[in-house]
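Enquirer: Handing you this structure, nothing more for now.
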Amino acid sequence: MADTGIERLALRMAKVEKYFGLVCALKQIDLEVGSNEIVGLIGDNGAGKSTVVKILSGVFPPTSGDLYITGRKVDLSNYSVKQAHLHGVETVYQDKSLGEKQDLWRNFFVGRQITYPFGFINVKKEKQIAEDIMRKTIGFRSAGITVDSKVSKLSGGERQGVAIGRAMHFEAELIVLDEPTVALSLKEVGKVLDFVHKIKQAGKACVYISHDIQDVFEIADRFVIMDRGEIVARIPKKEISLKALGEFMLDYAHGRKDMEKR
Amino acid sequence: MKRKGSFLSLNRLEGLPIALVLVTLYIVFMITAPRVFTGYRIYMSFFQTVPPMLVLALGLTFVITAGEIDLSFSSVIAFSGFVFAWFFRTFDGFWVVWVGILLALAAGALVGYVNGVLVAKIGVPSIMATLAAQFFWSGLTVLLAGGLSWNIKDIRDNAAHDIFTGRIFGVLPAQAIWSLGLVIFLWFILNRHRFGEAIMFLGDNPNVARVVGIDVEKTRVQLFTLNGLIAGFAALLLTIEMNTFWTTQGQGYLMLALAAVFIGGTSIAGGEGSIVGTFFGAYIIGSLEAGVVATGIGGYWTALVSGLVMGASVVLNILIGEGRFTKLSGRLLQWSRVGHDADGSRLPSDENVGR
């Protein structure tokens, strides 16, 4: 197995389980992501991908299990979105990363503003840094879009670019991308994948969640396949072709259908 | 993209459309009722009557920006007013009025806090929680006061009366200055403070607010508490100015304050709020009745004209806010040009629109 950066793990989930009442959403999840590695987490709807994302990003804690980020064990009893940010975990969601009606500069810093005493926002500095992130980190070139523009003026791909740029600015050790290309046109998907390449160039770890196998195949170094709350396979990119991966996933989809019939 | 003309930059001036409506309104009144509206007295009387409603509308602007609603604030006027009047009547000493003021503010904050807990922690829709609160707190006030109104005219001799509602230079009501100060302070809180930003993201999309690390529940409780506190302040301005507490005070303010917020350009969908717009909106709402009566067309017209002005303000806000004003003016220009062409052969083309 190609142990890319395994000596320095960005993330380790050990025996993580999640129950919602009596329903088991995640069973014994062991997931490792090396630094400078993009792991594609794939699976059908209901496989548990989003639950993994929410645990990583601090939206809710797991029922049991441990979480290590850059080798440090995370205290899950008071793990929150803020704590996740402090640990260097940033999440880019399909559609809820940015406030639609808000100015771009606000979106870069909301939740961790640069402030004067008493919590008043240093607007000038925030705008300046936002401008820098847009031009340098994510190479924004869209005409007519400035830090004062509303998010609603941006295309879907540009929005994901802003979210990814924000994650990189805050020096994330691990960037979680939750279905970032759903509902985007082909051209916009291309933009998003370019942004993801930038993450890798910057030497950051990344978990890329998708059910679009084509995107994942293009971007990921390794695939982790989930089904009904379990990890069922881990495949390095070198060992499989896109076609084989697609067939593998289809088998699972059919396998499930057979189960249901019985 | 090319039009970097004056209209675009005007769009960015907060509250501009609604300020224009106010100015237009006063100009119309100056023409139709010159004897009243060219003197200063009518404006001084607006500065006396509008501030309590303006203060209420400011708090409400926060609530609506956060995508919530509060119908209970007018009962805070009664409840906080009661707390203040009761304390002032019951105890003696120079300190009484100041403690009374603090208690009245605390009473308002308490009402708001209960609303906030109901909405944020238990998950009651804010319209329902605050409607119930509206009945509960005004009912409690009637019960505690035994249905009576109280005269507290002794307060006229108190320094607090001069500080909050005295006449500066013998003419300008102090509450106008207080409410203006609050406008400026709350503008900074909404637009330049972490709390205001949390309010805007919350109103925009609570899911986004949550994943960017805003404590949604805590912010909601703070929001309603703040609104109760502000309503308590409005109650003080009203009670001290009137030297009286009565159990139904504040009941007429609900619709007026809501109207002031909405014609000021704050979106009912949440996520965007304009403190400056609310300021002008409150003065429009507060000037209409007196203005219409002063023009001499008769009191029967008041409601109709009020409705017209409110409707026109909201339409104007939408047109300018979405940048459609430039298109509109372009189109008007075109139509007038087509009218001038004798043969009328030049049909409007898109090239001219939006210049």
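Ordering of the structure tokens sets the chain letters (A, B, ...), residue numbers begin anew at 1 in every chain, and ligands are numbered from 1 in the order given.
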For the contact check between chain B and chain A, emit one row per residue of chain B within 9 Å, containing the shortest atom pair and the distance in Å rounded to one decimal, counting only C-alpha atoms, chain then rising number order, as CSV.

Expert:
```
residue,atom,partner,partner_atom,distance
B:Met1,CA,A:Gly144,CA,6.3
B:Phe188,CA,A:Phe120,CA,8.1
B:Ile189,CA,A:Phe120,CA,7.7
B:Asn191,CA,A:Ile121,CA,8.7
B:Arg192,CA,A:Ile121,CA,5.3
B:His193,CA,A:Phe120,CA,4.3
B:Arg194,CA,A:Gly119,CA,5.8
B:Phe195,CA,A:Gly119,CA,8.0
B:Glu197,CA,A:Val110,CA,7.2
B:Ala198,CA,A:Val110,CA,7.6
B:Met200,CA,A:Gln102,CA,7.7
B:Phe201,CA,A:Gly99,CA,5.9
B:Leu202,CA,A:Gly99,CA,8.8
B:Asp204,CA,A:Gly99,CA,6.1
B:Asn205,CA,A:Gly99,CA,6.6
B:Asn207,CA,A:Lys96,CA,6.5
B:Val208,CA,A:Lys96,CA,4.9
B:Ala209,CA,A:Gly99,CA,7.8
B:Arg210,CA,A:Val81,CA,7.9
B:Val211,CA,A:Val81,CA,6.5
B:Val212,CA,A:Gly111,CA,5.7
B:Gly213,CA,A:Val81,CA,5.1
B:Ile214,CA,A:Gly111,CA,5.8
B:Gly271,CA,A:Lys101,CA,6.4
B:Glu272,CA,A:Lys101,CA,7.2
```

Enquirer: Report as a PyMOL selection string all protein, DNA and RNA residues lying within 6 Å of Val224 (chain A), evaluated on only C-alpha atoms, omitting residues in the same chain fewer than 2 positions from it.

Expert: chain A and resi 41+233-234

Enquirer: Keeping N, CA and C atoms, export the residues of the selection given above as a tab-separated table (two decimals), in the first residue's frame.

Expert:
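Once everything was written out, this is again-v8.tsv:
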```tsv
chain	number	residue	atom	x	y	z
A	41	LEU	N	-14.02	9.95	-0.10
A	41	LEU	CA	-14.95	9.14	0.68
A	41	LEU	C	-16.21	8.99	-0.14
A	233	ALA	N	-14.41	-0.76	1.94
A	233	ALA	CA	-13.21	-0.99	1.14
A	233	ALA	C	-12.31	0.24	1.19
A	234	ARG	N	-10.99	0.00	1.08
A	234	ARG	CA	-10.02	1.10	0.96
A	234	ARG	C	-9.13	0.75	-0.23
```

Enquirer: What gap, in Å, lies between CA of Leu180 (chain B) and CA of Val36 (chain B)?

Expert: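 CA of Val36 (chain B) lies at a distance of 24.1 Å from CA of Leu180 (chain B).
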
Enquirer: Record the distance separating CA of Ile138 (chain A) and CA of Val33 (chain A), expressed in Å with one decimal.

Expert: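 It comes out at 23.6 Å.
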
Enquirer: Hey, what's within 12 Å of Gly108 (chain B) if we count only C-alpha atoms and toss same-chain stuff fewer than 2 positions away? As number ranges by chain, please?

Expert: B: 56, 59, 72-84, 101-106, 110-115, 133, 137, 224-236

Enquirer: Save out the residues we just selected, N, CA and C atoms, as a tab-separated table (two decimals), in the first residue's frame.

Expert:
```
chain	number	residue	atom	x	y	z
B	56	LEU	N	-38.68	51.44	19.83
B	56	LEU	CA	-39.24	50.11	19.66
B	56	LEU	C	-38.87	49.53	18.30
B	59	GLY	N	-35.26	48.12	18.04
B	59	GLY	CA	-35.10	46.76	18.57
B	59	GLY	C	-35.70	45.74	17.61
B	72	SER	N	-44.46	41.02	21.25
B	72	SER	CA	-44.71	41.26	22.67
B	72	SER	C	-44.22	42.61	23.16
B	73	PHE	N	-43.48	43.34	22.30
B	73	PHE	CA	-42.80	44.53	22.83
B	73	PHE	C	-43.77	45.60	23.31
B	74	SER	N	-44.99	45.65	22.73
B	74	SER	CA	-45.90	46.70	23.19
B	74	SER	C	-46.41	46.40	24.60
B	75	SER	N	-46.42	45.12	24.98
B	75	SER	CA	-46.81	44.82	26.36
B	75	SER	C	-45.68	45.14	27.34
B	76	VAL	N	-44.45	45.17	26.81
B	76	VAL	CA	-43.32	45.60	27.66
B	76	VAL	C	-43.51	47.06	28.05
B	77	ILE	N	-44.05	47.86	27.13
B	77	ILE	CA	-44.32	49.26	27.43
B	77	ILE	C	-45.21	49.37	28.66
B	78	ALA	N	-46.23	48.52	28.69
B	78	ALA	CA	-47.14	48.54	29.83
B	78	ALA	C	-46.45	47.99	31.08
B	79	PHE	N	-45.80	46.84	30.95
B	79	PHE	CA	-45.22	46.17	32.12
B	79	PHE	C	-44.07	46.98	32.72
B	80	SER	N	-43.12	47.40	31.87
B	80	SER	CA	-42.00	48.19	32.38
B	80	SER	C	-42.48	49.51	32.94
B	81	GLY	N	-43.46	50.12	32.28
B	81	GLY	CA	-44.04	51.37	32.77
B	81	GLY	C	-44.65	51.17	34.14
B	82	PHE	N	-45.32	50.03	34.31
B	82	PHE	CA	-45.93	49.71	35.60
B	82	PHE	C	-44.85	49.58	36.68
B	83	VAL	N	-43.81	48.80	36.36
B	83	VAL	CA	-42.74	48.58	37.34
B	83	VAL	C	-42.14	49.91	37.79
B	84	PHE	N	-41.89	50.76	36.81
B	84	PHE	CA	-41.30	52.07	37.14
B	84	PHE	C	-42.26	52.91	37.99
B	101	ILE	N	-35.71	53.18	37.26
B	101	ILE	CA	-35.32	53.09	35.85
B	101	ILE	C	-34.62	51.76	35.57
B	102	LEU	N	-33.70	51.40	36.48
B	102	LEU	CA	-32.99	50.12	36.30
B	102	LEU	C	-33.97	48.95	36.34
B	103	LEU	N	-34.92	49.01	37.27
B	103	LEU	CA	-35.90	47.93	37.38
B	103	LEU	C	-36.77	47.84	36.13
B	104	ALA	N	-37.15	48.99	35.60
B	104	ALA	CA	-37.99	48.99	34.39
B	104	ALA	C	-37.23	48.36	33.23
B	105	LEU	N	-35.94	48.71	33.10
B	105	LEU	CA	-35.12	48.11	32.04
B	105	LEU	C	-34.99	46.61	32.27
B	106	ALA	N	-34.78	46.22	33.53
B	106	ALA	CA	-34.64	44.80	33.84
B	106	ALA	C	-35.93	44.05	33.55
B	110	LEU	N	-36.28	40.97	31.11
B	110	LEU	CA	-36.83	39.70	31.58
B	110	LEU	C	-37.87	39.17	30.60
B	111	VAL	N	-38.78	40.04	30.17
B	111	VAL	CA	-39.79	39.62	29.19
B	111	VAL	C	-39.10	39.07	27.95
B	112	GLY	N	-38.08	39.81	27.49
B	112	GLY	CA	-37.35	39.38	26.30
B	112	GLY	C	-36.63	38.06	26.52
B	113	TYR	N	-36.06	37.91	27.71
B	113	TYR	CA	-35.31	36.69	28.00
B	113	TYR	C	-36.23	35.47	27.97
B	114	VAL	N	-37.41	35.63	28.56
B	114	VAL	CA	-38.37	34.51	28.54
B	114	VAL	C	-38.74	34.18	27.10
B	115	ASN	N	-39.00	35.21	26.30
B	115	ASN	CA	-39.26	34.98	24.87
B	115	ASN	C	-38.12	34.19	24.23
B	133	ALA	N	-46.82	35.95	24.86
B	133	ALA	CA	-46.19	36.88	25.81
B	133	ALA	C	-46.92	38.21	25.82
B	137	TRP	N	-48.10	39.36	29.51
B	137	TRP	CA	-47.51	40.46	30.26
B	137	TRP	C	-48.45	41.65	30.37
B	224	PHE	N	-33.56	38.40	21.76
B	224	PHE	CA	-34.86	38.73	22.35
B	224	PHE	C	-34.68	39.52	23.64
B	225	THR	N	-33.63	39.20	24.39
B	225	THR	CA	-33.37	39.96	25.62
B	225	THR	C	-33.06	41.41	25.28
B	226	LEU	N	-32.24	41.60	24.26
B	226	LEU	CA	-31.91	42.96	23.83
B	226	LEU	C	-33.18	43.72	23.44
B	227	ASN	N	-34.05	43.04	22.69
B	227	ASN	CA	-35.27	43.71	22.24
B	227	ASN	C	-36.14	44.09	23.43
B	228	GLY	N	-36.22	43.21	24.44
B	228	GLY	CA	-36.98	43.54	25.64
B	228	GLY	C	-36.39	44.74	26.37
B	229	LEU	N	-35.07	44.75	26.45
B	229	LEU	CA	-34.36	45.86	27.11
B	229	LEU	C	-34.65	47.18	26.40
B	230	ILE	N	-34.58	47.15	25.08
B	230	ILE	CA	-34.83	48.37	24.30
B	230	ILE	C	-36.28	48.82	24.48
B	231	ALA	N	-37.21	47.85	24.49
B	231	ALA	CA	-38.61	48.20	24.70
B	231	ALA	C	-38.81	48.79	26.09
B	232	GLY	N	-38.06	48.29	27.07
B	232	GLY	CA	-38.12	48.86	28.41
B	232	GLY	C	-37.70	50.32	28.41
B	233	PHE	N	-36.69	50.63	27.61
B	233	PHE	CA	-36.24	52.01	27.50
B	233	PHE	C	-37.32	52.89	26.86
B	234	ALA	N	-37.97	52.35	25.83
B	234	ALA	CA	-39.08	53.08	25.20
B	234	ALA	C	-40.18	53.35	26.22
B	235	ALA	N	-40.45	52.35	27.07
B	235	ALA	CA	-41.47	52.51	28.10
B	235	ALA	C	-41.11	53.66	29.03
B	236	LEU	N	-39.82	53.77	29.39
B	236	LEU	CA	-39.39	54.85	30.27
B	236	LEU	C	-39.60	56.20	29.62
```

Enquirer: Using only C-alpha atoms, which residues sit within 10 Å of Thr181 (chain A) once same-chain residues fewer than 2 positions away are excluded, as a list in words?

Expert: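 In the requested form, the answer reads Tyr93, Gln94, Asp95, Gly156, Gly157, Gln160, Leu177, Asp178, Glu179, Ala183, Leu184, Ser185, Leu186, Glu188, Val189, Gly190, Lys191, Val192, Leu193, Ile209, Ser210, His211, Asp212 and Asp215 of chain A.
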
Enquirer: Just asking: which residues within region 142-295 of chain B are helix (DSSP H, G or I) according to DSSP, as a ChimeraX atom specification?

Expert: /B:142-145,153-157,159-165,174-192,194-204,206-211,216-242,253-263,275-295

Enquirer: Could you list, as a JSON list (two decimals) with C-alpha atoms, in the first residue's frame, every residue within 8 Å of Gly270 (chain B), counting only C-alpha atoms and ignoring same-chain residues fewer than 2 positions away?

Expert:
```json
[["chain", "number", "residue", "atom", "x", "y", "z"],
["B", 64, "ILE", "CA", -36.59, 40.93, 11.94],
["B", 65, "THR", "CA", -33.04, 40.92, 10.57],
["B", 66, "ALA", "CA", -32.51, 37.70, 12.50],
["B", 67, "GLY", "CA", -35.50, 36.21, 10.69],
["B", 68, "GLU", "CA", -37.69, 36.27, 13.79],
["B", 200, "MET", "CA", -27.38, 38.85, 9.98],
["B", 203, "GLY", "CA", -31.43, 35.61, 9.61],
["B", 204, "ASP", "CA", -29.78, 34.70, 6.33],
["B", 266, "THR", "CA", -35.49, 45.71, 6.41],
["B", 267, "SER", "CA", -36.34, 42.46, 4.68],
["B", 268, "ILE", "CA", -39.02, 40.26, 6.21],
["B", 272, "GLU", "CA", -30.61, 42.24, 5.96],
["B", 273, "GLY", "CA", -31.60, 45.14, 8.15]]
```

Enquirer: So, with only C-alpha atoms as the atoms that count, which of B:Met30, B:Ala290, B:Val97, B:Met128 lies closest to Ile240 (chain B)?

Expert: B:Val97

Enquirer: Pick out the residues sitting within 10 Å of Lys237 (chain A), and hand them over as an MDAnalysis selection string; count only C-alpha atoms, and ignore anything fewer than 2 positions along from it in its own chain.

Expert: chainID A and resid 2 39:40 217:223 234:235 239:242 245
